[in-house]
Every structure is written in C-alpha cells, then in structure tokens.
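Text of the file start_30.cif, holding mmCIF, C-alpha atoms:
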```cif
data_model
#
loop_
_atom_site.group_PDB
_atom_site.id
_atom_site.type_symbol
_atom_site.label_atom_id
_atom_site.label_comp_id
_atom_site.auth_asym_id
_atom_site.auth_seq_id
_atom_site.Cartn_x
_atom_site.Cartn_y
_atom_site.Cartn_z
ATOM 1 C CA MET A 890 19.587 42.245 25.089
ATOM 2 C CA GLU A 891 16.926 43.150 27.627
ATOM 3 C CA GLN A 892 18.567 46.493 28.138
ATOM 4 C CA LEU A 893 18.537 47.167 24.427
ATOM 5 C CA ILE A 894 14.839 46.396 24.184
ATOM 6 C CA PHE A 895 14.149 48.652 27.137
ATOM 7 C CA PHE A 896 16.184 51.409 25.518
ATOM 8 C CA ILE A 897 14.320 51.100 22.209
ATOM 9 C CA ILE A 898 10.965 51.136 23.988
ATOM 10 C CA LEU A 899 11.962 54.307 25.843
ATOM 11 C CA ILE A 900 13.027 55.983 22.605
ATOM 12 C CA MET A 901 9.772 55.031 20.911
ATOM 13 C CA LEU A 902 7.700 56.241 23.860
ATOM 14 C CA GLY A 903 9.628 59.494 23.847
ATOM 15 C CA TYR A 904 9.211 59.899 20.110
ATOM 16 C CA PHE A 905 5.466 59.294 19.959
ATOM 17 C CA PHE A 906 4.368 60.984 23.165
ATOM 18 C CA GLY A 907 6.893 63.784 22.855
ATOM 19 C CA ARG A 908 5.848 64.609 19.309
ATOM 20 C CA ARG A 909 2.196 64.477 20.166
ATOM 21 C CA ALA A 910 2.684 66.724 23.187
ATOM 22 C CA GLU A 911 4.758 69.137 21.149
ATOM 23 C CA SER A 912 2.325 69.541 18.265
ATOM 24 C CA LYS A 913 -0.551 69.900 20.720
ATOM 25 C CA HIS A 914 1.364 72.536 22.623
ATOM 26 C CA TYR A 915 2.210 74.433 19.430
ATOM 27 C CA ARG A 916 -1.439 74.472 18.395
ATOM 28 C CA SER A 917 -2.431 75.878 21.780
ATOM 29 C CA ILE A 918 0.383 78.461 21.670
ATOM 30 C CA GLU A 919 -0.614 79.674 18.222
ATOM 31 C CA ALA A 920 -4.276 80.012 19.122
ATOM 32 C CA ARG A 921 -3.497 81.960 22.283
ATOM 33 C CA GLU A 922 -0.928 84.183 20.574
ATOM 34 C CA GLU A 923 -3.623 85.180 18.099
ATOM 35 C CA PHE A 924 -5.750 86.371 20.996
ATOM 36 C CA TRP A 925 -3.111 88.594 22.600
ATOM 37 C CA ILE A 926 -1.650 90.027 19.408
ATOM 38 C CA THR A 927 -3.662 93.250 19.623
ATOM 39 C CA ARG A 928 -2.334 94.301 23.040
ATOM 40 C CA PRO A 929 0.869 96.324 22.893
ATOM 41 C CA ALA A 930 3.723 94.533 24.612
ATOM 42 C CA SER A 931 7.308 95.605 24.219
ATOM 43 C CA THR A 932 10.773 95.624 25.678
ATOM 44 C CA TYR A 933 10.748 99.436 25.714
ATOM 45 C CA LYS A 934 10.943 101.244 28.997
ATOM 46 C CA THR A 935 8.240 103.751 28.152
ATOM 47 C CA VAL A 936 4.621 103.353 27.092
ATOM 48 C CA SER A 937 3.708 103.708 23.439
ATOM 49 C CA GLN A 938 0.698 105.964 24.060
ATOM 50 C CA SER A 939 2.476 108.689 25.986
ATOM 51 C CA GLY A 940 -0.483 111.105 25.954
ATOM 52 C CA ARG A 941 -2.633 109.062 28.316
ATOM 53 C CA THR A 942 -2.491 109.224 32.079
ATOM 54 C CA ILE A 943 -1.454 106.100 33.919
ATOM 55 C CA ARG A 944 -3.746 104.823 36.640
ATOM 56 C CA LYS A 945 -1.710 101.920 37.896
ATOM 57 C CA SER A 946 1.360 99.866 37.079
ATOM 58 C CA GLU A 947 2.548 96.610 38.526
ATOM 59 C CA LEU A 948 5.076 93.847 38.131
ATOM 60 C CA VAL A 949 3.761 90.804 36.277
ATOM 61 C CA SER A 950 5.422 87.516 35.521
ATOM 62 C CA GLY A 951 4.845 84.141 33.947
ATOM 63 C CA ASN A 952 6.978 81.048 34.161
ATOM 64 C CA VAL A 953 7.051 77.534 32.793
ATOM 65 C CA VAL A 954 9.249 74.463 33.162
ATOM 66 C CA ILE A 955 9.350 72.152 30.163
ATOM 67 C CA SER A 956 11.064 68.815 30.124
ATOM 68 C CA VAL A 957 12.764 67.114 27.211
ATOM 69 C CA ASP A 958 11.593 63.660 26.196
ATOM 70 C CA TYR A 959 13.794 60.620 25.895
ATOM 71 C CA PHE A 960 13.983 60.707 22.114
ATOM 72 C CA LYS A 961 15.147 64.315 22.073
ATOM 73 C CA ARG A 962 17.816 63.582 24.590
ATOM 74 C CA ILE A 963 19.224 60.732 22.534
ATOM 75 C CA ALA A 964 18.961 62.758 19.324
ATOM 76 C CA ALA A 965 20.846 65.614 20.957
ATOM 77 C CA GLY A 966 23.420 63.163 22.270
ATOM 78 C CA LEU A 967 24.029 61.926 18.719
ATOM 79 C CA ARG A 968 24.311 65.499 17.525
ATOM 80 C CA ASN A 969 27.085 65.942 20.048
ATOM 81 C CA LEU A 970 29.214 63.557 18.032
ATOM 82 C CA PHE A 971 28.971 65.479 14.791
ATOM 83 C CA GLY A 972 28.244 68.993 15.953
ATOM 84 C CA GLY A 973 25.853 71.412 14.354
ATOM 85 C CA GLU A 974 22.365 72.655 14.950
ATOM 86 C CA VAL A 975 20.379 70.822 17.628
ATOM 87 C CA ARG A 976 16.892 71.403 16.298
ATOM 88 C CA VAL A 977 15.137 69.242 18.887
ATOM 89 C CA TYR A 978 16.310 71.558 21.653
ATOM 90 C CA GLU A 979 15.504 74.670 19.645
ATOM 91 C CA THR A 980 11.834 73.777 19.564
ATOM 92 C CA LEU A 981 11.986 73.019 23.288
ATOM 93 C CA VAL A 982 13.222 76.456 24.323
ATOM 94 C CA ASP A 983 11.026 78.114 21.710
ATOM 95 C CA ARG A 984 7.964 76.466 23.222
ATOM 96 C CA ALA A 985 9.029 77.404 26.727
ATOM 97 C CA ARG A 986 9.627 81.060 25.831
ATOM 98 C CA ARG A 987 6.371 81.489 24.000
ATOM 99 C CA GLU A 988 4.445 79.744 26.773
ATOM 100 C CA ALA A 989 6.054 81.949 29.429
ATOM 101 C CA LEU A 990 5.155 85.067 27.446
ATOM 102 C CA LEU A 991 1.577 83.867 27.091
ATOM 103 C CA ARG A 992 1.328 83.268 30.819
ATOM 104 C CA LEU A 993 2.665 86.752 31.381
ATOM 105 C CA HIS A 994 -0.156 88.053 29.194
ATOM 106 C CA GLU A 995 -2.745 85.890 30.910
ATOM 107 C CA SER A 996 -1.684 86.985 34.393
ATOM 108 C CA CYS A 997 -2.847 90.546 33.678
ATOM 109 C CA SER A 998 -5.678 90.141 31.209
ATOM 110 C CA ASP A 999 -7.139 93.613 31.836
ATOM 111 C CA ALA A 1000 -3.915 95.617 31.526
ATOM 112 C CA ASP A 1001 -3.653 98.047 28.624
ATOM 113 C CA GLU A 1002 -0.002 97.600 27.851
ATOM 114 C CA ILE A 1003 3.002 95.606 29.035
ATOM 115 C CA ILE A 1004 6.386 97.286 28.918
ATOM 116 C CA ASN A 1005 9.983 96.355 29.663
ATOM 117 C CA ILE A 1006 9.493 92.632 29.094
ATOM 118 C CA ARG A 1007 12.495 90.525 29.999
ATOM 119 C CA LEU A 1008 13.034 86.809 29.531
ATOM 120 C CA GLU A 1009 15.269 84.667 31.620
ATOM 121 C CA THR A 1010 16.178 81.071 30.847
ATOM 122 C CA SER A 1011 17.760 78.575 33.170
ATOM 123 C CA SER A 1012 18.168 74.837 33.207
ATOM 124 C CA ILE A 1013 16.906 73.849 36.618
ATOM 125 C CA TYR A 1014 17.300 70.130 36.595
ATOM 126 C CA LYS A 1015 20.336 68.214 35.517
ATOM 127 C CA GLY A 1016 19.390 64.666 34.629
ATOM 128 C CA LYS A 1017 21.595 61.643 34.830
ATOM 129 C CA ARG A 1018 24.994 62.061 33.273
ATOM 130 C CA LYS A 1019 24.699 65.840 33.552
ATOM 131 C CA GLN A 1020 22.414 66.177 30.587
ATOM 132 C CA VAL A 1021 19.891 68.949 30.614
ATOM 133 C CA GLY A 1022 16.610 67.542 31.831
ATOM 134 C CA SER A 1023 14.367 70.554 31.678
ATOM 135 C CA VAL A 1024 14.442 74.239 31.008
ATOM 136 C CA GLU A 1025 12.726 77.024 32.910
ATOM 137 C CA VAL A 1026 11.759 80.309 31.315
ATOM 138 C CA LEU A 1027 10.617 83.277 33.347
ATOM 139 C CA ALA A 1028 9.060 86.239 31.571
ATOM 140 C CA PHE A 1029 8.508 89.406 33.533
ATOM 141 C CA GLY A 1030 7.513 92.942 32.791
ATOM 142 C CA THR A 1031 5.503 95.930 33.940
ATOM 143 C CA ALA A 1032 1.778 95.995 33.248
ATOM 144 C CA VAL A 1033 0.352 99.466 32.728
ATOM 145 C CA TYR A 1034 -3.301 100.438 33.220
ATOM 146 C CA PHE A 1035 -4.471 103.699 31.675
ATOM 147 C CA GLU A 1036 -7.123 106.062 32.961
ATOM 148 C CA GLU A 1037 -10.401 105.692 31.075
ATOM 149 C CA SER A 1038 -10.526 108.374 28.403
ATOM 150 C CA MET B 942 4.279 98.029 47.894
ATOM 151 C CA LEU B 943 4.561 99.074 44.261
ATOM 152 C CA MET B 944 6.921 97.044 42.137
ATOM 153 C CA THR B 945 8.064 97.458 38.552
ATOM 154 C CA ASN B 946 11.040 96.437 36.501
ATOM 155 C CA THR B 947 11.248 99.825 34.811
ATOM 156 C CA GLU B 948 13.574 102.508 36.118
ATOM 157 C CA GLU B 949 10.723 104.505 37.577
ATOM 158 C CA ILE B 950 7.082 103.851 38.262
ATOM 159 C CA PRO B 951 5.283 104.921 35.086
ATOM 160 C CA GLY B 952 3.279 108.077 35.717
ATOM 161 C CA LYS B 953 4.729 108.697 39.196
ATOM 162 C CA ARG B 954 7.595 110.860 40.362
ATOM 163 C CA THR B 955 10.389 109.393 42.484
ATOM 164 C CA THR B 956 11.093 111.563 45.525
ATOM 165 C CA ALA B 957 13.761 109.607 47.431
ATOM 166 C CA PHE B 958 16.164 106.725 46.939
ATOM 167 C CA HIS B 959 16.890 104.237 49.708
ATOM 168 C CA GLY B 960 19.293 101.794 48.106
ATOM 169 C CA VAL B 961 19.419 98.225 46.910
ATOM 170 C CA VAL B 962 17.097 95.662 48.462
ATOM 171 C CA SER B 963 17.175 91.952 47.792
ATOM 172 C CA GLY B 964 15.564 88.707 48.811
ATOM 173 C CA SER B 965 16.603 85.160 48.165
ATOM 174 C CA THR B 966 15.458 81.658 48.861
ATOM 175 C CA VAL B 967 17.035 78.271 48.260
ATOM 176 C CA ARG B 968 14.610 75.479 47.529
ATOM 177 C CA ALA B 969 14.949 71.793 46.930
ATOM 178 C CA LYS B 970 12.389 69.678 45.159
ATOM 179 C CA HIS B 971 10.833 66.796 47.052
ATOM 180 C CA VAL B 972 10.916 63.155 46.097
ATOM 181 C CA GLY B 973 7.386 62.965 44.732
ATOM 182 C CA ARG B 974 8.001 65.794 42.356
ATOM 183 C CA ASP B 975 11.315 64.297 41.396
ATOM 184 C CA LEU B 976 9.645 61.016 40.540
ATOM 185 C CA MET B 977 7.082 62.752 38.357
ATOM 186 C CA ALA B 978 9.881 64.679 36.699
ATOM 187 C CA SER B 979 11.728 61.523 35.794
ATOM 188 C CA PHE B 980 8.584 60.182 34.128
ATOM 189 C CA LYS B 981 8.200 63.413 32.256
ATOM 190 C CA ASN B 982 11.789 63.112 31.151
ATOM 191 C CA ILE B 983 10.690 60.137 29.078
ATOM 192 C CA PHE B 984 7.470 61.526 27.639
ATOM 193 C CA GLY B 985 8.309 65.220 27.542
ATOM 194 C CA GLY B 986 5.971 68.036 28.426
ATOM 195 C CA GLU B 987 5.487 70.593 31.141
ATOM 196 C CA LEU B 988 6.614 69.868 34.699
ATOM 197 C CA LYS B 989 3.694 71.539 36.476
ATOM 198 C CA GLY B 990 5.056 70.738 39.923
ATOM 199 C CA TYR B 991 8.301 72.522 39.188
ATOM 200 C CA THR B 992 6.539 75.461 37.615
ATOM 201 C CA GLU B 993 4.504 75.926 40.790
ATOM 202 C CA LEU B 994 7.468 75.328 43.064
ATOM 203 C CA LEU B 995 9.537 77.997 41.351
ATOM 204 C CA GLN B 996 6.626 80.405 41.320
ATOM 205 C CA GLU B 997 6.045 79.964 45.065
ATOM 206 C CA SER B 998 9.735 80.348 45.809
ATOM 207 C CA ARG B 999 9.931 83.545 43.799
ATOM 208 C CA GLU B 1000 6.973 84.927 45.697
ATOM 209 C CA GLN B 1001 8.763 84.142 48.942
ATOM 210 C CA ALA B 1002 11.919 85.876 47.733
ATOM 211 C CA ILE B 1003 9.829 88.897 46.765
ATOM 212 C CA GLU B 1004 8.213 88.939 50.214
ATOM 213 C CA ARG B 1005 11.635 88.985 51.855
ATOM 214 C CA MET B 1006 12.693 91.825 49.605
ATOM 215 C CA ILE B 1007 9.522 93.760 50.436
ATOM 216 C CA SER B 1008 10.068 93.460 54.183
ATOM 217 C CA GLN B 1009 13.578 94.816 53.696
ATOM 218 C CA ALA B 1010 12.230 97.722 51.666
ATOM 219 C CA GLU B 1011 9.619 98.445 54.328
ATOM 220 C CA GLN B 1012 12.319 98.655 56.979
ATOM 221 C CA MET B 1013 14.018 101.311 54.877
ATOM 222 C CA GLY B 1014 10.794 103.263 54.741
ATOM 223 C CA ALA B 1015 10.291 102.868 51.016
ATOM 224 C CA ASN B 1016 6.924 102.507 49.348
ATOM 225 C CA ALA B 1017 8.083 101.118 45.998
ATOM 226 C CA VAL B 1018 10.759 98.919 44.456
ATOM 227 C CA VAL B 1019 11.916 99.775 40.967
ATOM 228 C CA ASN B 1020 14.266 98.220 38.412
ATOM 229 C CA LEU B 1021 13.568 94.767 39.748
ATOM 230 C CA ARG B 1022 15.626 91.846 38.465
ATOM 231 C CA PHE B 1023 15.325 88.091 38.897
ATOM 232 C CA SER B 1024 18.112 85.581 38.844
ATOM 233 C CA THR B 1025 18.217 81.817 39.232
ATOM 234 C CA SER B 1026 21.228 79.693 40.024
ATOM 235 C CA SER B 1027 21.600 76.072 40.971
ATOM 236 C CA VAL B 1028 23.744 75.923 44.100
ATOM 237 C CA ALA B 1029 23.779 72.151 44.533
ATOM 238 C CA ALA B 1030 22.338 69.088 42.869
ATOM 239 C CA GLY B 1031 18.583 69.327 43.197
ATOM 240 C CA ALA B 1032 18.508 72.750 44.814
ATOM 241 C CA ALA B 1033 18.005 76.104 43.195
ATOM 242 C CA GLU B 1034 18.491 79.593 44.505
ATOM 243 C CA LEU B 1035 16.016 82.219 43.468
ATOM 244 C CA TYR B 1036 17.199 85.746 43.920
ATOM 245 C CA VAL B 1037 15.366 88.975 43.385
ATOM 246 C CA TYR B 1038 16.794 92.445 43.760
ATOM 247 C CA GLY B 1039 15.865 96.014 43.025
ATOM 248 C CA THR B 1040 16.110 99.600 44.205
ATOM 249 C CA ALA B 1041 13.918 100.800 47.042
ATOM 250 C CA VAL B 1042 12.472 104.237 46.421
ATOM 251 C CA THR B 1043 9.771 106.542 47.683
ATOM 252 C CA VAL B 1044 7.258 107.738 45.134
ATOM 253 C CA GLU B 1045 4.657 110.406 45.640
#
```
Mind turning this structure into structure tokens?
Amino acid sequence: MEQLIFFIILIMLGYFFGRRAESKHYRSIEAREEFWITRPASTYKTVSQSGRTIRKSELVSGNVVISVDYFKRIAAGLRNLFGGEVRVYETLVDRARREALLRLHESCSDADEIINIRLETSSIYKGKRKQVGSVEVLAFGTAVYFEES
Amino acid sequence: MLMTNTEEIPGKRTTAFHGVVSGSTVRAKHVGRDLMASFKNIFGGELKGYTELLQESREQAIERMISQAEQMGANAVVNLRFSTSSVAAGAAELYVYGTAVTVE
C-alpha cells in the first residue's frame, strides 16, 4: 500500500512538474528560434552567398542533455504493451534537438552563416531497469564570417 | 589550429594532406551529479551537470586530437566528426576524428 502511494505521488510529481517544465521550455525555444531565423544555417557544404570573400571559419557546437520525467517513463512503459507512437518521447527529443541547435547559434552570435550542420543523438544514461533516462543531442557545424563589403 | 566539419576550410586552399587524426576520452559521472540526475528523472528537465561534463570531455578529446595533428605538422583539421558511445554502465566515451591538412 505504501509503495503504491509513493508510486502515485511520483507519477503526479512527474506529470505536473514535467509538463510545466516542458511548456516553459517550448516557449523559450520558440522565442529564441524567432530571433535566429534570419541567419542562414544549412546542412549544405558550401556557403549560400558564394560571391563574398570569407574572413574566417571555425567549428562550433552546442549540446544539451534532457531527462525524462517519471510520468513520461511510465506512459512510455504502458505504450510498450500496445505498441505504436510514443508521443511523450517525441517531444523530449524534439526539445533536445531544437535546444542544441539554438545553443549552436548562440555560441557564435556574430557569425554570418553556419554551414554543414550535423546533429547527433545518444542516450547517455540508462536508468534502472535499462530504461532510457536522458538523451543527449550534440549539434555541430562550421561558422563562416564574411569580409565586410 | 583551424577546425571545420566541411571537407575543406571555406575560402582557403588545401596544400597537403597528413592523414586521419583522432582523440578520445572516457569519462564517468560522479556521485553528486548522479544524485541530481536521479532527482531530475522524476521531475524532468535539463541535466546541466551532464551537459557541462560532456562539453568538457569533448573539449579534452579535441585537445588530444589537436596535439596529434600538430605532431604531423598540420595547421588545420577538416571533415571533423564526433561520436559518443557508452562503454560501461555510467561511463561514456567521447571520440572525435578528422583529417589533418595544411592550408595556405
């Protein structure tokens, strides 16, 4: 009985705090994405404005580790029984990817363009019973600075 | 040391190739961070300690790669790639590799 109560409390904590953290994070992501939308960033290997001379280029990266909450883990565990889309994990990796990309942008705020962006995802921490505890996303690319024209 | 993950440094000409260089580091998280992580596993959210730990470890791997490239007499590393693998419970290997070249 005590264990059941403890379990329910954990689920409720996970649900309320996890949801709150997630919607807060999404608001912050959307506001920051708005800011960086004007700077060209692509997965191409060449710059979009090929006429301009390049002053400098450097490797830039951004990473983030995001953990699942207790509610999501249980929800995903239930999904395992029936199969199908695990939406709670989709939002988790979506948040992590977008955050990593934003940090990539923020690490080189005065660059003119970012090219050859690559994203790498790995689960770095296996929780109890081998369930995925958190996911790491690394975004890296080449920041290009043009000569003043 | 110039580094990019494109095949050549944009706007510069490659004059010589030296070969593949790599650097790796295996890191384990410490108990304090682990404790914080298990709290976060209830509430959800970013694990700042892990984010920093992985960032620092990657920088170390890059430093090791750079010293290897310097020994070869290169002044740039191109086509850089990162890879992460968990080698044991609680430990992660961070690997970085690329091609050492000389640019003008």
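Residues of protein, DNA and RNA with at least one atom no farther than 12 Å from (10.6, 101.3, 52.6) are, using all atoms listed in the file, Met942, Leu943, Met944, Ala957, Phe958, His959, Gly960, Val961, Val962, Met1006, Ile1007, Ser1008, Gln1009, Ala1010, Glu1011, Gln1012, Met1013, Gly1014, Ala1015, Asn1016, Ala1017, Val1018, Val1019, Thr1040, Ala1041, Val1042, Thr1043 and Val1044 of chain B.
Put simply, CA of Tyr1038 in chain B is 16.1 Å away from CA of Asn1005 in chain A.
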Residues of chain B no more than 7 Å from chain A, counting only C-alpha atoms: send them over as a PyMOL selection string. chain B and resi 943-947+951-952+981-988+991-992+1025+1027+1031
Measure the distance from CA of Ile897 in chain A to CA of Gly973 in chain A in Å and round it to one decimal. 24.6 Å
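Taking CA of Ala965 in chain A and CA of Phe896 in chain A as endpoints, the distance between them is 15.6 Å.
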Would you be able to write out as an MDAnalysis selection string which residues have an atom within 12 Å of (14.0, 82.4, 43.7) in the file's coordinates, counting only C-alpha atoms? (chainID A and resid 952 1011 1013 1027) or (chainID B and resid 963:969 992:1006 1022:1028 1032:1038)
Centre and edge lengths of an axis-aligned box around all listed atoms of range 958-971 of chain A, with 8 Å added on each side, are to be given in Å to one decimal, as JSON.
```
{"center_x": 20.4, "center_y": 63.3, "center_z": 20.5, "size_x": 33.6, "size_y": 21.3, "size_z": 27.4}
```
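Proximity ranking of B:Ala978, B:Asn1020, B:Glu1045, B:Lys970 relative to Lys953 in chain B places B:Glu1045 first, based on only C-alpha atoms.
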As a short mmCIF file (atom, residue, chain, number, x, y, z; two decimals), keeping the file's coordinate frame, please: range 977-988 of chain A completed to all heavy atoms.
```cif
data_model
loop_
_atom_site.label_atom_id
_atom_site.label_comp_id
_atom_site.auth_asym_id
_atom_site.auth_seq_id
_atom_site.Cartn_x
_atom_site.Cartn_y
_atom_site.Cartn_z
N VAL A 977 16.09 69.74 17.88
CA VAL A 977 15.14 69.24 18.89
C VAL A 977 15.13 70.10 20.16
O VAL A 977 14.10 70.26 20.79
CB VAL A 977 15.41 67.76 19.26
CG1 VAL A 977 15.00 66.85 18.13
CG2 VAL A 977 16.84 67.53 19.67
N TYR A 978 16.28 70.68 20.49
CA TYR A 978 16.31 71.56 21.65
C TYR A 978 15.82 72.96 21.32
O TYR A 978 15.31 73.66 22.18
CB TYR A 978 17.72 71.62 22.25
CG TYR A 978 18.04 70.46 23.17
CD1 TYR A 978 19.29 70.33 23.75
CD2 TYR A 978 17.09 69.49 23.45
CE1 TYR A 978 19.59 69.27 24.58
CE2 TYR A 978 17.38 68.43 24.28
CZ TYR A 978 18.63 68.32 24.85
OH TYR A 978 18.92 67.28 25.68
N GLU A 979 16.00 73.34 20.05
CA GLU A 979 15.50 74.67 19.64
C GLU A 979 14.00 74.77 19.82
O GLU A 979 13.50 75.77 20.35
CB GLU A 979 15.86 74.94 18.18
CG GLU A 979 17.27 75.42 17.98
CD GLU A 979 17.62 75.61 16.53
OE1 GLU A 979 16.74 75.45 15.66
OE2 GLU A 979 18.79 75.88 16.26
N THR A 980 13.29 73.73 19.41
CA THR A 980 11.83 73.78 19.56
C THR A 980 11.46 73.74 21.04
O THR A 980 10.47 74.34 21.43
CB THR A 980 11.14 72.62 18.83
OG1 THR A 980 11.66 71.39 19.32
CG2 THR A 980 11.33 72.70 17.34
N LEU A 981 12.26 73.08 21.84
CA LEU A 981 11.99 73.02 23.29
C LEU A 981 12.04 74.40 23.94
O LEU A 981 11.10 74.82 24.61
CB LEU A 981 13.00 72.09 23.95
CG LEU A 981 12.86 71.90 25.45
CD1 LEU A 981 11.82 70.86 25.73
CD2 LEU A 981 14.18 71.53 26.07
N VAL A 982 13.11 75.14 23.69
CA VAL A 982 13.22 76.46 24.32
C VAL A 982 12.26 77.44 23.67
O VAL A 982 11.73 78.33 24.35
CB VAL A 982 14.67 77.02 24.33
CG1 VAL A 982 15.49 76.32 25.37
CG2 VAL A 982 15.32 76.94 22.98
N ASP A 983 12.00 77.25 22.39
CA ASP A 983 11.03 78.11 21.71
C ASP A 983 9.64 77.97 22.34
O ASP A 983 8.97 78.95 22.65
CB ASP A 983 10.99 77.74 20.22
CG ASP A 983 9.94 78.53 19.46
OD1 ASP A 983 10.00 79.77 19.54
OD2 ASP A 983 9.09 77.92 18.80
N ARG A 984 9.25 76.73 22.57
CA ARG A 984 7.96 76.47 23.22
C ARG A 984 7.91 77.09 24.61
O ARG A 984 6.93 77.71 24.99
CB ARG A 984 7.78 74.96 23.38
CG ARG A 984 7.03 74.30 22.30
CD ARG A 984 7.28 72.83 22.36
NE ARG A 984 6.62 72.18 23.48
CZ ARG A 984 6.96 70.98 23.93
NH1 ARG A 984 7.95 70.31 23.37
NH2 ARG A 984 6.31 70.44 24.91
N ALA A 985 8.99 76.90 25.36
CA ALA A 985 9.03 77.40 26.73
C ALA A 985 8.93 78.92 26.75
O ALA A 985 8.19 79.49 27.55
CB ALA A 985 10.30 76.94 27.42
N ARG A 986 9.65 79.59 25.86
CA ARG A 986 9.63 81.06 25.83
C ARG A 986 8.26 81.59 25.47
O ARG A 986 7.74 82.50 26.10
CB ARG A 986 10.63 81.58 24.81
CG ARG A 986 12.03 81.36 25.24
CD ARG A 986 12.95 82.49 24.90
NE ARG A 986 14.23 82.19 25.52
CZ ARG A 986 15.20 81.55 24.87
NH1 ARG A 986 15.06 81.21 23.62
NH2 ARG A 986 16.31 81.27 25.50
N ARG A 987 7.67 80.98 24.43
CA ARG A 987 6.37 81.49 24.00
C ARG A 987 5.30 81.22 25.05
O ARG A 987 4.42 82.05 25.28
CB ARG A 987 6.01 80.87 22.65
CG ARG A 987 6.85 81.47 21.54
CD ARG A 987 6.85 80.65 20.30
NE ARG A 987 5.64 80.80 19.51
CZ ARG A 987 5.47 80.23 18.33
NH1 ARG A 987 6.42 79.50 17.80
NH2 ARG A 987 4.36 80.39 17.66
N GLU A 988 5.40 80.07 25.71
CA GLU A 988 4.44 79.74 26.77
C GLU A 988 4.58 80.72 27.95
O GLU A 988 3.59 81.20 28.49
CB GLU A 988 4.67 78.30 27.23
CG GLU A 988 3.79 77.84 28.37
CD GLU A 988 2.33 77.66 28.00
OE1 GLU A 988 2.07 77.21 26.86
OE2 GLU A 988 1.48 77.98 28.83
#
```
